[in-house]
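Have a look at target-v4.tsv; it's TSV, C-alpha atoms:
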```tsv
chain	number	residue	atom	x	y	z
A	83	MET	CA	0.00	0.00	0.00
A	84	GLN	CA	1.37	3.43	-0.92
A	85	ILE	CA	1.64	5.59	2.21
A	86	ALA	CA	3.30	8.69	0.74
A	87	GLY	CA	4.43	10.28	-2.47
A	88	VAL	CA	6.56	13.35	-2.90
A	89	ASP	CA	8.02	15.38	-5.73
A	90	LEU	CA	11.21	16.80	-4.29
A	91	TYR	CA	13.53	19.47	-5.67
A	92	VAL	CA	17.09	18.75	-4.58
A	93	ASN	CA	20.17	20.96	-4.81
A	94	ASN	CA	22.60	18.12	-4.22
A	95	PRO	CA	22.84	15.06	-6.52
A	96	ILE	CA	22.71	12.70	-3.55
A	97	MET	CA	19.39	11.88	-1.94
A	98	ALA	CA	19.28	10.44	1.57
A	99	LEU	CA	16.60	8.00	2.70
A	100	GLY	CA	16.11	6.73	6.24
A	101	SER	CA	16.39	8.05	9.75
A	102	PRO	CA	16.13	11.76	10.65
A	103	ASP	CA	19.44	11.31	12.55
A	104	TRP	CA	22.71	12.74	11.22
A	105	ILE	CA	24.23	10.98	8.24
A	106	ARG	CA	27.68	9.51	8.87
A	107	ASP	CA	30.50	11.55	7.28
A	108	ASP	CA	32.20	8.45	5.87
A	109	LEU	CA	29.13	7.31	3.90
A	110	ALA	CA	29.80	7.95	0.20
A	111	LEU	CA	28.60	6.56	-3.13
A	112	GLU	CA	32.05	6.21	-4.76
A	113	GLY	CA	30.69	5.25	-8.20
A	114	THR	CA	27.96	2.89	-7.01
A	115	PRO	CA	24.24	3.59	-7.49
A	116	ALA	CA	23.60	3.41	-3.71
A	117	ALA	CA	25.46	3.29	-0.42
A	118	SER	CA	24.11	2.49	3.03
A	119	SER	CA	24.77	2.52	6.73
A	120	ASP	CA	22.61	1.08	9.50
A	121	THR	CA	20.35	4.17	9.38
A	122	HIS	CA	20.55	5.63	5.85
A	123	VAL	CA	20.63	4.86	2.14
A	124	LEU	CA	22.20	7.32	-0.29
A	125	VAL	CA	21.10	7.36	-3.93
A	126	ARG	CA	22.44	9.45	-6.83
A	127	VAL	CA	19.68	11.64	-8.33
A	128	GLN	CA	19.22	14.35	-10.96
A	129	ALA	CA	19.81	17.59	-9.01
A	130	GLN	CA	18.60	21.08	-9.92
A	131	VAL	CA	17.02	19.92	-13.19
A	132	VAL	CA	13.78	18.11	-12.38
A	133	LEU	CA	11.63	17.24	-9.41
A	134	ILE	CA	12.57	13.82	-8.02
A	135	LYS	CA	9.47	11.66	-7.71
A	136	VAL	CA	9.59	9.31	-4.70
A	137	ARG	CA	6.83	6.88	-3.76
A	138	LEU	CA	6.84	5.27	-0.30
A	139	PHE	CA	5.09	1.94	0.19
A	140	MET	CA	4.33	-0.18	3.27
A	141	ASP	CA	4.43	-3.94	2.73
A	142	HIS	CA	2.22	-5.77	5.24
A	143	GLY	CA	3.07	-9.18	3.80
A	144	GLN	CA	1.21	-8.76	0.52
A	145	GLY	CA	4.41	-8.56	-1.55
A	146	VAL	CA	4.40	-4.91	-2.58
A	147	ALA	CA	6.82	-4.36	-5.45
A	148	ALA	CA	8.41	-1.31	-7.02
A	149	ASP	CA	7.70	-0.23	-10.57
A	150	PRO	CA	8.83	-3.22	-12.69
A	151	SER	CA	10.87	-0.97	-14.99
A	152	PHE	CA	12.97	0.23	-12.01
A	153	THR	CA	16.18	-1.41	-10.77
A	154	THR	CA	16.66	-2.31	-7.10
A	155	VAL	CA	19.76	-0.55	-5.78
A	156	PHE	CA	19.32	-1.36	-2.07
A	157	ASP	CA	17.65	-4.22	-0.21
A	158	GLY	CA	18.59	-4.27	3.44
A	159	SER	CA	17.79	-3.29	6.98
A	160	LEU	CA	17.58	0.22	8.45
A	161	TYR	CA	17.22	1.30	12.07
A	162	LEU	CA	14.69	4.13	12.51
A	163	ALA	CA	15.02	5.15	16.17
A	164	ASP	CA	12.02	7.51	16.27
A	165	ARG	CA	9.91	5.57	13.72
A	166	ARG	CA	10.11	8.32	11.12
A	167	PHE	CA	11.29	7.92	7.53
A	168	VAL	CA	12.99	10.87	5.84
A	169	ILE	CA	13.42	11.55	2.13
A	170	GLY	CA	15.69	14.48	1.27
A	171	ASP	CA	18.95	15.78	-0.07
A	172	VAL	CA	22.09	15.21	2.01
A	173	LEU	CA	22.39	18.93	2.74
A	174	GLY	CA	19.03	18.91	4.52
A	175	GLU	CA	17.69	21.75	2.38
A	176	SER	CA	14.82	19.68	0.99
A	177	ARG	CA	13.22	16.97	3.05
A	178	PHE	CA	10.01	15.10	3.61
A	179	VAL	CA	9.32	13.28	6.89
A	180	LYS	CA	6.74	10.50	7.30
A	181	TYR	CA	5.84	8.96	10.65
A	182	ILE	CA	5.57	5.21	10.01
A	183	GLY	CA	5.15	3.87	13.56
A	184	GLY	CA	5.79	0.21	14.25
A	185	PRO	CA	9.14	-1.24	15.24
A	186	GLN	CA	12.50	0.47	14.98
A	187	GLN	CA	14.07	-2.06	12.58
A	188	TRP	CA	12.75	-2.08	8.99
A	189	ARG	CA	13.51	-4.02	5.84
A	190	VAL	CA	13.91	-1.41	3.09
A	191	ARG	CA	14.02	-1.88	-0.68
A	192	VAL	CA	14.93	1.07	-2.90
A	193	ALA	CA	14.46	0.91	-6.67
A	194	VAL	CA	15.28	3.71	-9.11
A	195	ASP	CA	14.60	4.47	-12.76
A	196	ASP	CA	18.28	5.07	-13.63
A	197	PRO	CA	20.80	3.10	-11.52
A	198	LYS	CA	23.78	3.91	-13.75
A	199	GLY	CA	23.34	7.66	-13.87
A	200	TYR	CA	21.08	10.06	-12.12
A	201	ALA	CA	17.66	8.87	-11.02
A	202	ARG	CA	14.56	10.99	-11.50
A	203	ALA	CA	12.22	8.58	-9.69
A	204	ALA	CA	12.50	6.12	-6.82
A	205	ASP	CA	10.21	3.60	-5.16
A	206	VAL	CA	10.84	2.75	-1.51
A	207	VAL	CA	9.19	-0.29	0.09
A	208	LEU	CA	9.19	-0.66	3.88
A	209	CYS	CA	8.50	-3.95	5.65
A	210	ALA	CA	8.59	-4.30	9.45
A	211	GLU	CA	11.20	-6.74	10.74
A	212	GLU	CA	10.21	-9.06	13.53
```
Turn this file's structure into structure tokens for me.
Amino acid sequence: MQIAGVDLYVNNPIMALGSPDWIRDDLALEGTPAASSDTHVLVRVQAQVVLIKVRLFMDHGQGVAADPSFTTVFDGSLYLADRRFVIGDVLGESRFVKYIGGPQQWRVRVAVDDPKGYARAADVVLCAEE
């Protein structure tokens, strides 16, 4: 089930997804389509040119999937201490915050429309971990 959708203008070509906590300084993409820590996922996006379209889904066991034309760039676990999920640029200038409730540990899948360059759209699927 889709729980949020946002068109976000970003100034920086790196979008951060995850906890509202500070992003670690040593987290960098280094030529890969995504990089992650225990609290964040970074994804390269098209900055200052178009609005980045992000859809946020909650999977309650029904097998929610991203747009089939997208490529999964992250499938892992994130710790969300205050049960909020943030979508924004790494500078913090543009951000969207969604309270998701539930546990603090979440299985997160991120799929983008352009994994080799600069994404203009991303689908994020959250699934509570037991």
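Proximity of A:Asp89, A:Glu212, A:Asp108, A:Asp196 to Arg137 of chain A, computed with all atoms listed in the file, is greatest for A:Asp89.
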What is the atom CA of Ala163 of chain A to atom CA of Pro102 of chain A distance in Å? 8.7 Å
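One distance worth recording is that between atom CA of Ala201 of chain A and atom CA of Arg126 of chain A, which is 6.4 Å.
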Contacts of segment 177-184 of chain A at 10 Å or less, counting only C-alpha atoms, minus same-chain residues fewer than 3 places along, as a PyMOL selection string? chain A and resi 85-92+97-102+138+140+162+164-174+187-188+208-211
Write the residues of the preceding selection, restricted to C-alpha atoms, as an mmCIF file, keeping the file's coordinate frame.
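Produced file selection18.cif, reproduced below:
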```cif
data_model
loop_
_atom_site.group_PDB
_atom_site.id
_atom_site.type_symbol
_atom_site.label_atom_id
_atom_site.label_comp_id
_atom_site.auth_asym_id
_atom_site.auth_seq_id
_atom_site.Cartn_x
_atom_site.Cartn_y
_atom_site.Cartn_z
ATOM 1 C CA ILE A 85 1.640 5.590 2.210
ATOM 2 C CA ALA A 86 3.300 8.690 0.740
ATOM 3 C CA GLY A 87 4.430 10.280 -2.470
ATOM 4 C CA VAL A 88 6.560 13.350 -2.900
ATOM 5 C CA ASP A 89 8.020 15.380 -5.730
ATOM 6 C CA LEU A 90 11.210 16.800 -4.290
ATOM 7 C CA TYR A 91 13.530 19.470 -5.670
ATOM 8 C CA VAL A 92 17.090 18.750 -4.580
ATOM 9 C CA MET A 97 19.390 11.880 -1.940
ATOM 10 C CA ALA A 98 19.280 10.440 1.570
ATOM 11 C CA LEU A 99 16.600 8.000 2.700
ATOM 12 C CA GLY A 100 16.110 6.730 6.240
ATOM 13 C CA SER A 101 16.390 8.050 9.750
ATOM 14 C CA PRO A 102 16.130 11.760 10.650
ATOM 15 C CA LEU A 138 6.840 5.270 -0.300
ATOM 16 C CA MET A 140 4.330 -0.180 3.270
ATOM 17 C CA LEU A 162 14.690 4.130 12.510
ATOM 18 C CA ASP A 164 12.020 7.510 16.270
ATOM 19 C CA ARG A 165 9.910 5.570 13.720
ATOM 20 C CA ARG A 166 10.110 8.320 11.120
ATOM 21 C CA PHE A 167 11.290 7.920 7.530
ATOM 22 C CA VAL A 168 12.990 10.870 5.840
ATOM 23 C CA ILE A 169 13.420 11.550 2.130
ATOM 24 C CA GLY A 170 15.690 14.480 1.270
ATOM 25 C CA ASP A 171 18.950 15.780 -0.070
ATOM 26 C CA VAL A 172 22.090 15.210 2.010
ATOM 27 C CA LEU A 173 22.390 18.930 2.740
ATOM 28 C CA GLY A 174 19.030 18.910 4.520
ATOM 29 C CA GLN A 187 14.070 -2.060 12.580
ATOM 30 C CA TRP A 188 12.750 -2.080 8.990
ATOM 31 C CA LEU A 208 9.190 -0.660 3.880
ATOM 32 C CA CYS A 209 8.500 -3.950 5.650
ATOM 33 C CA ALA A 210 8.590 -4.300 9.450
ATOM 34 C CA GLU A 211 11.200 -6.740 10.740
#
```
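Put simply, atom CA of Gly199 of chain A is 17.7 Å away from atom CA of Ser118 of chain A.
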From the list A:Pro185, A:Pro150, A:Gly113, A:Gly158, which residue is nearest Ala204 of chain A when using all atoms listed in the file? A:Pro150
Proximity to Val155 of chain A - best of A:Asn93, A:Gln84, A:Gln128, A:Thr114, all atoms listed in the file: A:Thr114
